[in-house]
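Before any comments, here is the structure.
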Amino acid sequence: MTPVSQGVSGAHVGHGHLMVADVERATAFYRDVIGMRIVLRYEVQAVFLSFDDYHHHLGLTTWNSAGGTPPPKGHTGLYHIAFVFRDQAGLGQVIDRVQSADHVLTSAADHGASEAVYLNDPDRNGLELYRGHLRSDWQISDDGSPTMINGPLDVAAQVREGRE
């Protein structure tokens, strides 16, 4: 077995870019449903969005994909991109918007270290919306890594928390 890398101190994922078929449709989803704000438009081919004052967390482009179709199942590509919400209320609010906009959750789970829901955007890019648990609440295995589970998640309770 290959040893686990120790990682690079201070490194983190800065942003992602998704190729989409229709920038306006994708922008409406990420702005109105997910809750991001538009930072910059690049002509009619790209939009850059953020959750806060960061230059952009997500780029949506049609540079090579205008009018395109999603890759068929069983092909390589992005499995999902994960968006982290600060607390249960924030996650509940976005789940409520997702369901109110008639987007279907493909699954939901309590992973022990986090609680997550999964869905696809209008271009069938996978999304994970989650909130993490405090590290002190994680179950830790003998080797010191978190014990990940795939338990049930009460989605309705998440939404209720978001409405309070």
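Naming works like this for the structure tokens: A, B, ... for the chains as they're shown, residue 1 at the start of each chain, ligands 1 onward in shown order.
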
Give me, as an MDAnalysis selection string, all polymer residues having an atom no more than 7 Å from Val159 of chain A, counting only C-alpha atoms and skipping those fewer than 3 positions away in the same chain.
chainID A and resid 92:93 95:96 155:156 162:163

Hey, which bits of segment 38-57 of chain A sit within 9 Å of segment 24-27 of chain A, and for each residue what's the closest pair of atoms and how far apart in Å (one decimal), counting only C-alpha atoms, rows by chain and increasing number, as a tab-separated table?
```
residue	atom	partner	partner_atom	distance
A:Ile38	CA	A:Thr27	CA	8.2
A:Val44	CA	A:Glu24	CA	8.6
A:Val47	CA	A:Thr27	CA	7.1
A:Phe48	CA	A:Thr27	CA	8.9
A:Leu49	CA	A:Thr27	CA	8.3
```

All residues 8 Å or closer to segment 129-143 of chain A, only C-alpha atoms, same chain fewer than 2 positions away omitted, as a list in words
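Once the adjacent positions are removed, what remains is Ala82, Phe83, Val84, Phe85, Arg86, Asp87, Gln88, Leu91, Gly112, Ala113, Ser114, Glu115, Ala116, Val117, Tyr118, Leu127, Ser145, Pro146, Thr147 and Met148 of chain A.
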
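Atom pair atom CA of His103 of chain A / atom CA of Arg31 of chain A: separated by 14.3 Å.
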
Could you pull out the residues in segment 51-113 of chain A that DSSP calls alpha helix (DSSP H) from the backbone, as a ChimeraX atom specification?
/A:88-100

Keeping only C-alpha atoms, take the residues you just selected and write them out as a PDB file, in the first residue's frame.
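part.pdb written:
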```
ATOM      1  CA  GLN A  88     -26.608  23.576  10.103  1.00  0.00           C
ATOM      2  CA  ALA A  89     -28.835  26.633   9.568  1.00  0.00           C
ATOM      3  CA  GLY A  90     -26.883  27.697   6.463  1.00  0.00           C
ATOM      4  CA  LEU A  91     -26.986  24.190   5.035  1.00  0.00           C
ATOM      5  CA  GLY A  92     -30.700  23.954   5.822  1.00  0.00           C
ATOM      6  CA  GLN A  93     -31.397  27.226   4.003  1.00  0.00           C
ATOM      7  CA  VAL A  94     -29.703  26.093   0.805  1.00  0.00           C
ATOM      8  CA  ILE A  95     -31.403  22.666   0.945  1.00  0.00           C
ATOM      9  CA  ASP A  96     -34.726  24.496   1.287  1.00  0.00           C
ATOM     10  CA  ARG A  97     -33.948  26.624  -1.802  1.00  0.00           C
ATOM     11  CA  VAL A  98     -32.866  23.524  -3.748  1.00  0.00           C
ATOM     12  CA  GLN A  99     -36.107  21.715  -2.960  1.00  0.00           C
ATOM     13  CA  SER A 100     -38.273  24.815  -3.483  1.00  0.00           C
TER      14      SER A 100
END
```

Counting only C-alpha atoms, closest pick from A:Asp123, A:Asp22, A:Glu43, A:Glu128 relative to Gly67 of chain A is A:Asp22

Counting only C-alpha atoms, the option among A:Val8, A:Leu78, A:Val39, A:Ile149 closest to His111 of chain A
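Nearest candidate to His111 of chain A out of A:Val8, A:Leu78, A:Val39, A:Ile149: A:Ile149.
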
Secondary structure check, strand (DSSP E) residues of chain A, as JSON, numbers by chain:
{"A": [16, 17, 18, 19, 37, 38, 39, 40, 41, 42, 46, 47, 48, 49, 50, 58, 59, 60, 61, 81, 82, 83, 84, 105, 106, 107, 108, 109, 110, 114, 115, 116, 117, 118, 119, 120, 126, 127, 128, 129, 130, 131, 132]}

Within 10 Å of Leu18 of chain A, counting only C-alpha atoms, which residues qualify if same-chain residues fewer than 4 places away don't, as a list in words?
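Here the qualifying residues turn out to be Ala26, Ala46, Leu58, Gly59, Leu60, Thr61, Thr62, Ser65, Leu78, Ile81, Asp123 and Asn125 of chain A.
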